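Asker: Here you go, one structure.
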Amino acid sequence: MTFSIKEGSFYFNDKKVFLNSGEIHYFRIKRDLWDKHLEAAKEAGLTTVSTYVPWAWHESEESVFDFDGASCPERDLKGWLQRCQAHGLTCILKPGPFILAEFRGAGLPDWFMDQYGDEVKMRNSKGEIVQSDGVSLFNQKYLGKVTLWYDKIMPFIREREISAGGPVIMMQICNEIGVFSWLAKQGDYCKPVKDRFISYLSDKFSSIAEVNSLWGTDYQDFAHIELPPDGKLPYASKGDRSRDFEWHCFWRTYYGDYLRMLSGMARDRGISVPLFHNLPGWIYGHGYEFPVNITMYEDLFDDKSEILFGVDHIPEFFSYRNMHDDRIINDITFAMQGNKPLFAAEFQSGSREYHVVTNPREMELFYKASIADGLVGWNYYMFSQGRNPNRKGYSGETFYWFTPLTAEGERTSAFPLVKRMSKVVKTSEILIVNAKRKAEVCVLFYPPYYATELERPVEGGCELQFTASAIRRPAYFDGLLKVLQVLNIDYDMIDLSKASADTLNNYKQVWAFSTDEMNARDQQTIVDYTIAGGNSVFFPYLPDREMSQRPCTIIRDALSVSPSGIGTIDSPLIDIYDLKDIKCANPQIIYSEESLSGADVIARTINGTACGFTKVIGSGSLIHLGTWIGFDTEGHKPVYEAILNRTGAKIRQASSDNDNIAVRERFTNDNSAVLFVGNYYNEEQTAKVTYTHPESGDSITIPYSQDEMLWPALYGVLTPVCLKISDGLKILHSTSDILSVAEINGQLEITLYGDRDLAGEIVFEGANVKKIKSATIDDEAVKIVRDNKRMAFNYSHKHKKEIILDIKISNETV
C-alpha cells in the first residue's frame with residue numbers, strides 16, 4: 001500500500017483521493033476511551049486521524065523516552081497506532097519539535113527550558129529575552145536536543161509507515177514556525193541570526209559598496225553590518241527601508257533553511273512519507289493576515305523543497321462578512337506553492353475559545369464552500385475534544401469546545417454534519433478531486449507587499465504615496481477580491497514574482513494592486529503581457545522604484561506617463577466612466593491633460609482633474625486608476641463590473657439573478673463539474689441560478705422547472721454536475737446532498753438530504769433517461785417534469801432526516 005503526493009493531488013495506491021481526516025489527540029484522551037473515539041471516527045466516514053506527538057510528553061525526563069505507556073497509559077503511542085490500524089484508519093503524525101496546540105511550552109520539554117531557556121530563547125536588539133515560546137532556531141544547544149529527539153521518534157515512525165505495513169501516511173515537520181515573530185512583531189537578534197544575515201547579504205550583493213549605496217551607510221566590509229532596529233522606530237530614509245526589505249527577505253531564507261534542515265534529518269533517519277507544514281493566519285474570524293504568513297515560507301515553494309504547506313482554516317463565525325476569506329487563502333496558497341494539493345491541515349470543527357460558539361449550520365456552508373474553492377483534503381480540527389494532562393494546558397484542563405465528540409467520546413450536534421460531509425465527498429469524490437476553475441480573468445498576488453511581519457512605522461522619510469501594509473486589506477483583500485466573489489466572477493490568482501508574460505497571456509484581463517514599490521522584473525512582466533495584446537488593470541499607483549528603493553519606472557516609461565500631482569479631498573469622490581460620485585480613498589494621483597496625450601481619461605476627481613485613464617501599449621491596453629475604491633458601498637459593484645466588461649472576457653461560468661446568492665462552478669476534463677450555491681445571509685433569499693453545462697456549454701437553471709426558488713439562510717448546496725450513475729444516465733444537478741447511489745436489481749436507490757425549507761430537485765439526463773418509469777420517496781410518488789432531454793424530480797426534504805429516492809427503470813429498449 002502506498003500514499004503519495006503528485007500532480008497537485010493525493011494518491012492512495014495510485015488512485016486520486018480526497019484526504020478526509022480528523023484530529024484526535026491520544027495524549028488528551030483517557031487510554032480506555034481510545035477505541036470509543038476511533039469507532040466514532042470510522043462511523044463518521046473519516047479515512048484518517050491526525051495527532052501531534054509532543055516531545056515534552058514522551059521525554060518528560062531528559063533521556064527517558066516512553067512510547068509504550070510504561071510511565072503513563074496515555075503515552076502509549078505504539079498502542080494508539082495499533083488501535084487506529086485495527087479500526088481501518090490511517091494516521092498523520094506531527095512530532096514537532098514545536099507543536100504549539102495550546103500545549104504549555106509549545107511542545108518543548110520543561111526540563112529543556114529549565115536548563116537552557118536563557119541560552120536558547122529569542123532576544124531583541126537590546127539583548128533582552130523575547131516573551132514568547134519561540135527559540136533561536138539555529139542555537140546549537142536547541143538543535144542538539146532536537147537531534148536526540150529525532151534519533152528516537154523518527155525510527156519509531158519509520159517502522160510504522162504505510163510502506164512498512166503500518167498506518168502512518170504523512171508527517172508534519174515542525175508547526176507554524178514563523179508564528180512567534182509574526183504575533184510578537186519581533187525578530188530574533190541572537191548572534192547566529194546576525195551571522196546568517198551577514199552571510200545572506202554577502203551572497204546576494206557583489207560588494208559592500210553596493211549595500212552602502214542602497215542603504216546610505218558606510219560599512220567597511222560585510223562583517224561590520226549591524227542588524228536593523230526593532231520596535232516602533234520609524235524609517236528614517238529610503239535607505240533605511242531598503243535595509244528593512246533585505247531583513248524580511250533574509251527571514252524567508254532563514255525559515256527555509258530551518259525546515260529543509262529538519263526535513264533532511266527526518267529523511268536521513270528513514271522517513272519516506274510525504275512531509276507538510278502548517279500555515280496560520282486567521283485572526284478573530286478573518287484571513288487578511290494569512291498572506292503575511294505564507295510569504296514567510298516562500299523560500300520553500302515549488303522545487304525549493306518537498307514540503308506541502310497546509311492551511312489553517314478557522315473562520316469562527318461564518319457569514320457574509322468573511323465569505324471571501326477561504327477562497328483568497330486557497331488561491332494565494334495555490335499561486336505560491338505550485339502544483340501541490342490544497343489541504344486544510346487545521347479545518348475548523350469546534351473552537352479553541354469557549355466564547356466562540358460555532359454551530360453546524362455555519363460550518364456546513366463553510367465546508368461546502370471550501371470544496372468549491374479547491375480543497376482536496378481536510379483535517380477536522382478538532383474531531384475530538386481533549387482533557388489536558390496536568391499543568392500542560394494553555395487554557396487549563398479543557399482543550400477545544402463544540403467538537404463532534406466530547407473528550408468522553410459522546411456525540412454532539414456537530415457529529416452528524418461530519419458524517420454527512422463524508423458521504424457527500426465519497427459520492428462525488430472523482431469530480432471533486434479533478435475539478436478546476438475556468439477563468440479568463442487573473443488577479444496578481446505580489447508577495448513583497450506582505451513581507452511586513454517586522455515592518456516599522458512608515459512616515460515621511462520614505463517618500464511613499466502608498467504603503468502596501470496600510471491599504472492592502474481595504475483596497476485588495478476586502479476590496480477587489482471580495483467584490484469579485486460577490487459578483488460571482490471566475491478569476492485565477494497568479495504570483496507576479498514568479499509569473500511570465502507567457503503565463504499571463506492565457507488571460508484576457510489581468511488586475512494588479514500596486515503601490516510605489518515594485519521590482520523591475522515584475523514591472524517588465526506586466527508591460528510585456530500588455531504589449532503582446534493583454535489588458536491590464538493597475539491601481540492605485542504606477543511604481544517609481546523597486547522594493548530595494550532603486551528608482552524604477554518601467555511601466556511609466558512604457559506608457560510615457562507620469563503623475564503631475566497628488567490630490568487630497570475631504571470625503572473624496574470620483575466620477576468613472578458614466579458612474580458618478582463613487583466613494584474613493586485619499587490621496588488621488590492626478591495627471592495633467594498634456595501628460596495623457598494618446599490616452600482616454602476614464603476617471604476624474606470632484607475637482608475635475610484626471611485620476612484615471614486607459615492607454616494602448618503595443619497590441620494591448622492598460623487601465624490605471626490613481627486611487628482605490630475598496631468595497632464598502634453598493635456603488636462600487638458597477639465600477640468593477642464596468643472594468644471587467646471592457647475586454648469581452650467571459651467573466652462568469654455561473655450566476656444568480658439575486659446578488660445575495662453566491663455561485664461557483666468548477667469543471668473536470670471529462671465533461672462533468674462541481675457546482676456550489678451559497679446564501680451567506682442570515683435570512684432566506686429567492687433566486688434562480690444559472691450555470692454552464694460542462695459538455696454542451698448550454699445555460700442550465702436551478703430550479704430547472706420553475707421560475708425561482710427559496711434558498712434558506714446561511715445554507716449552501718454542493719452538487720455534482722453530470723455525475724454518471726449508470727449506463728446512459730447522469731445526475732445533471734440536485735439541490736439535495738447526494739449521500740449515496742446504489743443500483744439494486746436494475747433499479748436505482750439514491751440517498752438524499754437537504755434543508756426542510758429548500759425545495760428538493762434532482763435532474764437526470766442521458767441516453768437512457770426516458771427509461772425512467774417512476775420514482776417514489778417513502779412509497780409516495782414523486783412529481784416528475786419531463787422534456788426532450790431531461791427529467792426533473794421535485795420533492796420535499798424532511799427535517800434533519802435522510803430520504804431515499806427509489807427509481808424504477810424499464811428494461812425495454814428506448
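Quick note on naming: the chains in the C-alpha cells go A, B, ... in the order shown, residues restart at 1 in each chain, and ligands are numbered from 1 in order of appearance.
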Would you pick out the contacts of range 240-248 of chain A at 8 Å or less, using only C-alpha atoms, so that residues sharing its chain but fewer than 4 positions from it are not included, and give the list as a PyMOL selection string?
Answerer: chain A and resi 197+214-216+228+235-236+252+451-455+462+547-549
Asker: If you keep N, CA, C and O atoms, can you produce a file of those selected residues as a compact mmCIF listing (two decimals), in the first residue's frame?
Answerer:
# COMPACT_ATOMS: atom_id res chain seq x y z
N PHE A 197 22.58 36.48 8.66
CA PHE A 197 22.17 37.66 7.90
C PHE A 197 23.35 38.20 7.09
O PHE A 197 23.22 38.53 5.90
N LEU A 214 22.76 51.48 -1.52
CA LEU A 214 21.32 51.31 -1.32
C LEU A 214 20.86 51.79 0.06
O LEU A 214 19.79 52.39 0.19
N TRP A 215 21.68 51.55 1.05
CA TRP A 215 21.24 51.81 2.43
C TRP A 215 21.67 53.19 2.95
O TRP A 215 21.20 53.60 4.01
N GLY A 216 22.55 53.85 2.23
CA GLY A 216 23.06 55.13 2.73
C GLY A 216 23.97 54.95 3.93
O GLY A 216 24.02 55.81 4.82
N PRO A 228 19.10 45.65 11.46
CA PRO A 228 18.15 46.77 11.51
C PRO A 228 17.55 46.90 12.91
O PRO A 228 17.49 45.93 13.67
N TYR A 235 10.99 54.54 9.92
CA TYR A 235 12.05 54.56 8.92
C TYR A 235 12.56 55.99 8.76
O TYR A 235 11.77 56.93 8.61
N ALA A 236 13.88 56.13 8.76
CA ALA A 236 14.47 57.46 8.67
C ALA A 236 14.70 57.90 7.24
O ALA A 236 14.84 59.10 6.97
N ARG A 252 12.97 34.89 5.21
CA ARG A 252 12.38 33.84 4.38
C ARG A 252 13.38 32.73 4.09
O ARG A 252 13.03 31.55 4.05
N ALA A 451 5.53 41.04 2.87
CA ALA A 451 6.76 40.76 3.63
C ALA A 451 6.92 41.87 4.66
O ALA A 451 7.80 42.73 4.56
N THR A 452 6.05 41.85 5.67
CA THR A 452 5.94 43.00 6.57
C THR A 452 5.77 42.62 8.03
O THR A 452 5.41 43.46 8.85
N GLU A 453 6.04 41.37 8.40
CA GLU A 453 5.78 40.96 9.78
C GLU A 453 6.64 41.73 10.78
O GLU A 453 6.28 41.84 11.96
N LEU A 454 7.75 42.30 10.31
CA LEU A 454 8.63 43.07 11.19
C LEU A 454 8.69 44.54 10.78
O LEU A 454 9.58 45.28 11.22
N GLU A 455 7.77 44.96 9.95
CA GLU A 455 7.79 46.32 9.42
C GLU A 455 7.64 47.36 10.53
O GLU A 455 6.83 47.20 11.44
N CYS A 462 10.41 57.96 3.92
CA CYS A 462 10.47 57.04 2.78
C CYS A 462 9.90 57.64 1.50
O CYS A 462 10.06 57.08 0.42
N MET A 547 11.57 47.39 -4.71
CA MET A 547 11.44 47.18 -3.27
C MET A 547 12.70 47.62 -2.54
O MET A 547 12.65 48.04 -1.38
N SER A 548 13.84 47.54 -3.21
CA SER A 548 15.12 47.97 -2.62
C SER A 548 15.27 49.48 -2.62
O SER A 548 16.26 49.98 -2.11
N GLN A 549 14.31 50.18 -3.17
CA GLN A 549 14.27 51.64 -3.30
C GLN A 549 15.10 52.16 -4.48
O GLN A 549 15.22 53.37 -4.67
Asker: Using DSSP on the backbone, list every residue of range 24-61 of chain A that comes out as strand (DSSP E or B), and give them as a PyMOL selection string.
Answerer: chain A and resi 48-52+61
Asker: Which polymer residues have any atom within 7 Å of an atom of Phe3 in chain A, counting only C-alpha atoms, with same-chain residues fewer than 2 positions away left out, as a PDB file with N, CA, C and O atoms, in the first residue's frame?
Answerer:
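This is the output file result12.pdb:
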ATOM      1  N   TYR A  11      -2.697  10.695  -3.576  1.00  0.00           N
ATOM      2  CA  TYR A  11      -2.926   9.389  -4.196  1.00  0.00           C
ATOM      3  C   TYR A  11      -2.789   8.295  -3.145  1.00  0.00           C
ATOM      4  O   TYR A  11      -1.833   8.277  -2.374  1.00  0.00           O
ATOM      5  N   PHE A  12      -3.764   7.401  -3.127  1.00  0.00           N
ATOM      6  CA  PHE A  12      -3.697   6.218  -2.289  1.00  0.00           C
ATOM      7  C   PHE A  12      -3.717   5.004  -3.209  1.00  0.00           C
ATOM      8  O   PHE A  12      -4.676   4.799  -3.963  1.00  0.00           O
ATOM      9  N   ASN A  13      -2.613   4.256  -3.179  1.00  0.00           N
ATOM     10  CA  ASN A  13      -2.465   3.124  -4.118  1.00  0.00           C
ATOM     11  C   ASN A  13      -2.703   3.565  -5.557  1.00  0.00           C
ATOM     12  O   ASN A  13      -3.418   2.907  -6.327  1.00  0.00           O
ATOM     13  N   ILE A 169       0.709   7.746   7.082  1.00  0.00           N
ATOM     14  CA  ILE A 169       0.753   8.124   5.665  1.00  0.00           C
ATOM     15  C   ILE A 169       1.393   9.493   5.419  1.00  0.00           C
ATOM     16  O   ILE A 169       1.768   9.803   4.287  1.00  0.00           O
TER      17      ILE A 169
END
Asker: Let me make sure I understand: among A:Ser263, A:Asn519, A:Gln485, A:Asn768, which one has the smallest atom-to-atom distance to Tyr320 in chain A if we use only C-alpha atoms?
Answerer: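 That would be A:Gln485, the residue with the smallest distance to Tyr320 in chain A.
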Asker: So that I can see what lies close to Thr701 in chain A, please list as a PyMOL selection string the residues with an atom at most 7 Å from it, counting only C-alpha atoms and leaving out residues fewer than 5 positions away in the same chain.
Answerer: chain A and resi 688-691
Asker: So, counting only C-alpha atoms, which residue among A:Asp581, A:Asp299, A:Asp221, A:Glu210 is closest to Phe250 in chain A?
Answerer: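 Distance minimum relative to Phe250 in chain A lands on A:Asp299.
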Asker: Just list as a list in words whatever in range 582-647 of chain A DSSP marks as alpha helix (DSSP H).
Answerer: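 Alpha helix (DSSP H) members of range 582-647 of chain A, listed: His636, Lys637, Pro638, Val639, Tyr640, Glu641, Ala642, Ile643 and Leu644 of chain A.
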Asker: Write out as an MDAnalysis selection string the residues lying within 12 Å of Lys508 in chain A, counting only C-alpha atoms and excluding same-chain residues fewer than 4 positions away.
Answerer: chainID A and resid 439:443 491:492 503:504 529:530 532:537 620:622 644:651
Asker: Can you pull out the residues contacting Ile471 in chain A? Cut-off 9 Å, using only C-alpha atoms, and skip same-chain residues under 5 positions away; I want them as a PyMOL selection string.
Answerer: chain A and resi 466+476+628
